[in-house]
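Everything on this sheet refers to the single structure shown next.
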Amino acid sequence: MINSPLPLIVLPLLAAVVTFGFRRSATLSALIAAAIPIGLAIFAWVTPLDTALNFLGRELILTTGDRLAIVILFLTAAAVFLGVWRTSPNWTYYPIALIALAAVVAALGARPVNVSVIGGRPFDPFQYSVLFMTIAVALSIFPVQGGQPGVASGTLRYLILMVIALPAFLAAAWTLDQYSQSPDAANLAQASIALLLLGIALWLGIAPFHSWLPKISSEAPPLSSAFVLGIINVGAWFLLLDMLHEIKALGDPSTFAVLRAAGILTAVVGGSLAFAQHDFGRLMGYAILGDIGVALAALSTHTDAGLTAALIVVIVRMLGLGLMAIGLAIARQKQPDDTFESMTGLAWRMPWAALAIIVGGFSLAGVPPFAGFTGRWAALQQVAGTDLLTAFALLISTVGVAIGTLRGLQSVLKPIEPADPSASRTRESRINIALILGALALSLIIGLFPDVIAPALKQMVAAFAIK
Amino acid sequence: MSDFLKTLSSVPGVVVLIALLITAALLVMLTNWRLLIFALGAQYLLTGLLLSRAVPIELGMVKALVGIMICPVLYITARRVKWGHPEDDEIENEKPKSRLAWLISPGLPMRLIIATTGVVLSLSLALRNPLAITGNQAVSHDITVGTFTLLLLGLLNMALNENPLKVGLGLLSLLTGFELFYTVIEPTLTIVGLLGLTNLIIALAIAYLTIAWTTHPHEVQP
């Protein structure tokens, strides 16, 4: 049992109960909430976790790819929890986010290793994963709304689009089941591919289903946005990779043609709209949208190198997103909103927050020498030689986000009059400064020496290789 | 509950189906929160009843029970936010509304047309594309009609409103429609239980968003 994924699901749930018990002590809750995911990330890193456990009539097992994905998700969650500690007084965050985290792990763990004859059924569908993921999404509504009066539209859009994906996935599982019993029925294969792609598009926030992304990024507390975009959305990415790896019908060239078109559209929409923003929150949302487009475009090449590039884009996104979110969370303690106007002179009042926002923005844009550049460069290398249109879309995505960040930088660096009452420098929390420095150092290390993540990437690519 | 459902299962299938279509249409037409929650509760009960013709009665009962748990959550929420009405001091100067006006709110004719169109469209779709999901053709037909209607009217409800309660009812209606079909093809208790849990958490999220939305009624939606 210890070598199965069960501890990775049960311990966050127990931690949720404990943090609820210690809700009056923010420090203790935060430390427990952060320590458990760090401990579990180390456990998942060193333990193979390849022992299947029969749980509720279902095999719980983790492939190498999912295990490494969970390590990344746990480390991101720990960083988010530490960031929340000094920026948000909301005690409900930890218990609910920990339960949502457990649901994401369950979604990745409740999967078969191979699609084969199980229990007399020729196809083993993925209903459990989809249901656990939807539970995680519904739970994340609480931290995303964050108790803000009158603010509900972005969160509502997010809930609707994510939940509508549930019927699409479950119907796809059924049509795939039917297809496996009648392999000559091409219409069933097409219907299942269409339903799966619709579900994937809704979950990942691919254009034109992206309207919740900028809304949430500007409305929600920044670290709650980071939870959704860095854990729920990235968890959905790994489920997509699982599906592409396991479901043979998805290996059809038409799937990759659709992914390519969706990638181009999403990258262009993300980049061009990021360029026009006047709000760091919305800029972050569109930068992530561009990032999703770039990863999809890389994945659509249907090669191991393309898969590697897509994985780098998705993984290093955490650093840029984390930096920007922690910077915005610190800044929002004193600013009414994330608009460039409100952030005028931030570099003189909250230098660490300003540094985090700008470096995070540049990293999301893929500007060297930050981590984001590694993924963008790898993706561009895959498409530049053969597909000029996709290469051009990737460039638009990078340039749009970079210019948007530069426009924000102009406001952030604007000098403020010493007589202005808001000119005095605000003391920033040491924990937050440490988090910013850690993420910044990691971003620079990965940006300058991308080989440091190569061993883990190789394992993931081998595990997620698309047949 | 089981005895109650067994007694109700003697009601002819067509009557249950018609009642289900009416509740789905009412969810689109009405704006009064009390009536909406009542209609949702009736919809869950009728769905359970329709399901019990195709799957073991226990599974139908689980569906009805989930609805019975969801409706009080939404009822308490709606009551807490004064049924979505503005603060008392803001309506002091308004003329008192008649009982009929309380029931039929502005825009009713338009919503009636939309709901009727939705029902007709879903009936047409269901009759053209019958899903052969059970051995009994009549039951398959009823479930197909119910599924298509709840899906389409749920989508309409979500598209036409910005009020989280109404949108949420549309979302729950859509899920109920899908579950009507899915429970027949996948009658596993674990899956049905997980779907029920998902519905409950979604209902809690809707309740939370409704409270947040009504806390500041002057929110400007772009």
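Just so we're on the same page: first chain in the structure tokens is A, next is B, and so on; residues restart at 1 for each chain, and ligands are numbered from 1 in the order they show up.
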
Using only C-alpha atoms, determine which residues of chain B fall within 9 Å of chain A; present them as a ChimeraX atom specification. /B:158,162-164,167-168,171,174-175,178-179,182,185-186,190-191,194-195,197-199,201-202,204-206,208-219,221

Applying 8 Å and only C-alpha atoms, which residues near B:Val139 remain after dropping the ones on its own chain fewer than 2 positions away? List them as a ChimeraX atom specification. /B:13,53-54,134,136-137,141-143

Only C-alpha atoms, please: the residues just picked out, written as a short mmCIF file (atom, residue, chain, number, x, y, z; two decimals), in the first residue's frame.
```
data_model
loop_
_atom_site.label_atom_id
_atom_site.label_comp_id
_atom_site.auth_asym_id
_atom_site.auth_seq_id
_atom_site.Cartn_x
_atom_site.Cartn_y
_atom_site.Cartn_z
CA GLY B 13 -43.96 6.94 -18.49
CA ARG B 53 -37.65 2.29 -15.54
CA ALA B 54 -34.29 1.49 -17.09
CA THR B 134 -32.06 -0.06 -23.45
CA ASN B 136 -37.20 -1.44 -24.31
CA GLN B 137 -37.80 0.93 -27.21
CA HIS B 141 -37.37 6.92 -26.49
CA ASP B 142 -38.43 8.58 -23.22
CA ILE B 143 -34.86 8.78 -21.96
#
```

Please provide as a PyMOL selection string all residues within 10 Å of A:Gly290, with the sequence filter that same-chain residues fewer than 2 positions apart are discarded (counting only C-alpha atoms). chain A and resi 206-207+263-274+284-288+292-296+364-365+393-394+396-398+400-401

Quick one: write out the picked residues with C-alpha atoms as a short mmCIF file (atom, residue, chain, number, x, y, z; two decimals), in the first residue's frame?
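Dumped everything to selection_35.cif:
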```cif
data_model
loop_
_atom_site.label_atom_id
_atom_site.label_comp_id
_atom_site.auth_asym_id
_atom_site.auth_seq_id
_atom_site.Cartn_x
_atom_site.Cartn_y
_atom_site.Cartn_z
CA ILE A 206 -8.06 26.89 -25.69
CA ALA A 207 -9.44 29.77 -27.81
CA GLY A 263 -2.43 25.95 -30.99
CA ILE A 264 -1.95 28.60 -33.68
CA LEU A 265 -5.26 30.33 -32.86
CA THR A 266 -4.63 30.24 -29.10
CA ALA A 267 -1.04 31.50 -29.40
CA VAL A 268 -2.10 34.36 -31.68
CA VAL A 269 -5.10 35.35 -29.53
CA GLY A 270 -2.99 35.18 -26.34
CA GLY A 271 -0.09 37.18 -27.77
CA SER A 272 -2.10 39.83 -29.58
CA LEU A 273 -4.46 40.48 -26.66
CA ALA A 274 -1.64 40.48 -24.09
CA MET A 284 -0.90 37.23 -16.93
CA GLY A 285 -4.08 35.50 -18.16
CA TYR A 286 -3.34 36.20 -21.82
CA ALA A 287 0.31 35.24 -21.36
CA ILE A 288 -0.82 31.86 -20.05
CA ILE A 292 -1.07 27.03 -23.88
CA GLY A 293 -1.08 27.75 -27.62
CA VAL A 294 2.70 27.32 -27.89
CA ALA A 295 2.59 24.00 -26.01
CA LEU A 296 -0.23 22.74 -28.24
CA LEU A 364 6.00 33.85 -19.55
CA ALA A 365 6.82 35.71 -22.76
CA ALA A 393 2.12 32.37 -34.40
CA LEU A 394 4.69 31.42 -31.78
CA ILE A 396 3.41 36.72 -32.13
CA SER A 397 2.74 35.04 -28.80
CA THR A 398 6.23 35.85 -27.50
CA GLY A 400 2.89 40.31 -27.73
CA VAL A 401 3.44 39.24 -24.12
#
```

One number please: atom CA of A:Ala371 to atom CA of A:Ala79, in Å, one decimal. 17.0 Å

Find the distance between atom CA of B:Leu45 and atom CA of B:Met69 and write it in Å to one decimal.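 These two atoms are separated by 11.6 Å.
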
When you count only C-alpha atoms, which of these residues is closest to A:Arg282: A:Trp212, A:Phe227, A:Phe238, A:Phe256?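 Looking only at the distances to A:Arg282, the closest residue turns out to be A:Trp212.
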
Just to confirm, what's the straight-line distance from atom CA of A:Trp348 to atom CA of A:Gly360 in Å (one decimal)?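 Straight-line distance from atom CA of A:Trp348 to atom CA of A:Gly360 works out to 18.1 Å.
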
Which one is closest to A:Met318: A:Ile231, A:Leu176, A:Ala165, A:Leu98? Count only C-alpha atoms.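 That would be A:Ile231, the residue with the smallest distance to A:Met318.
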
Compile the contact shell of A:Ile358 as a list in words: residues with an atom at most 9 Å away, counting only C-alpha atoms, same-chain residues fewer than 5 positions apart removed.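 The contact residues come out as Leu323, Met324, Gly327, Ala353, Ser363, Thr405, Leu406, Gly408, Leu409 and Val412 of chain A.
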
Output of the above residues as a short mmCIF file (atom, residue, chain, number, x, y, z; two decimals), in the first residue's frame, restricted to C-alpha atoms:
```cif
data_model
loop_
_atom_site.label_atom_id
_atom_site.label_comp_id
_atom_site.auth_asym_id
_atom_site.auth_seq_id
_atom_site.Cartn_x
_atom_site.Cartn_y
_atom_site.Cartn_z
CA LEU A 323 6.74 34.92 -9.86
CA MET A 324 4.06 37.09 -11.40
CA GLY A 327 4.45 39.83 -7.06
CA ALA A 353 7.07 42.71 -5.89
CA SER A 363 9.58 34.52 -18.37
CA THR A 405 5.18 43.46 -20.02
CA LEU A 406 7.41 46.28 -21.27
CA GLY A 408 3.75 47.62 -17.68
CA LEU A 409 7.42 48.08 -16.82
CA VAL A 412 6.29 50.34 -12.65
#
```

Any idea what's packed within 9 Å of B:Gly118, counting only C-alpha atoms, ignoring anything in its chain fewer than 4 positions away? Could you give it as a ChimeraX atom specification? /B:25,113-114,122-123,149,152-153,156

Shell of 8 Å around B:Trp83, only C-alpha atoms, local chain residues under 6 positions omitted, as an NGL selection string: :B and (32-34)

Those same residues, written as a PDB file, in the first residue's frame with C-alpha atoms?
```pdb
ATOM      1  CA  ASN B  32     -38.781  33.638  -8.845  1.00  0.00           C
ATOM      2  CA  TRP B  33     -36.117  31.836  -6.831  1.00  0.00           C
ATOM      3  CA  ARG B  34     -38.585  29.898  -4.638  1.00  0.00           C
TER       4      ARG B  34
END
```

Name all residues at most 9 Å from A:Pro221 (count only C-alpha atoms; drop same-chain ones fewer than 4 positions away) and give them as an NGL selection string. :A and (88 or 143-146 or 216-217 or 225-226 or 325 or 328-329 or 332)

Across B:Leu26, B:Ala138, B:Val81, B:Leu127, the smallest distance to B:Leu40, with only C-alpha atoms counted, is shown by B:Leu26

Step one, run DSSP on the backbone; step two, keep only residues of stretch 141-380 of chain A assigned to helix (DSSP H, G or I); then write them as an MDAnalysis selection string. chainID A and resid 141:145 153:181 186:204 212:219 222:246 248:251 253:275 280:299 304:332 346:349 351:365 371:380

So, counting only C-alpha atoms, which residue among B:Gly84, B:Gly135, B:Gly177, B:Gly107 is closest to B:Gly48? B:Gly177
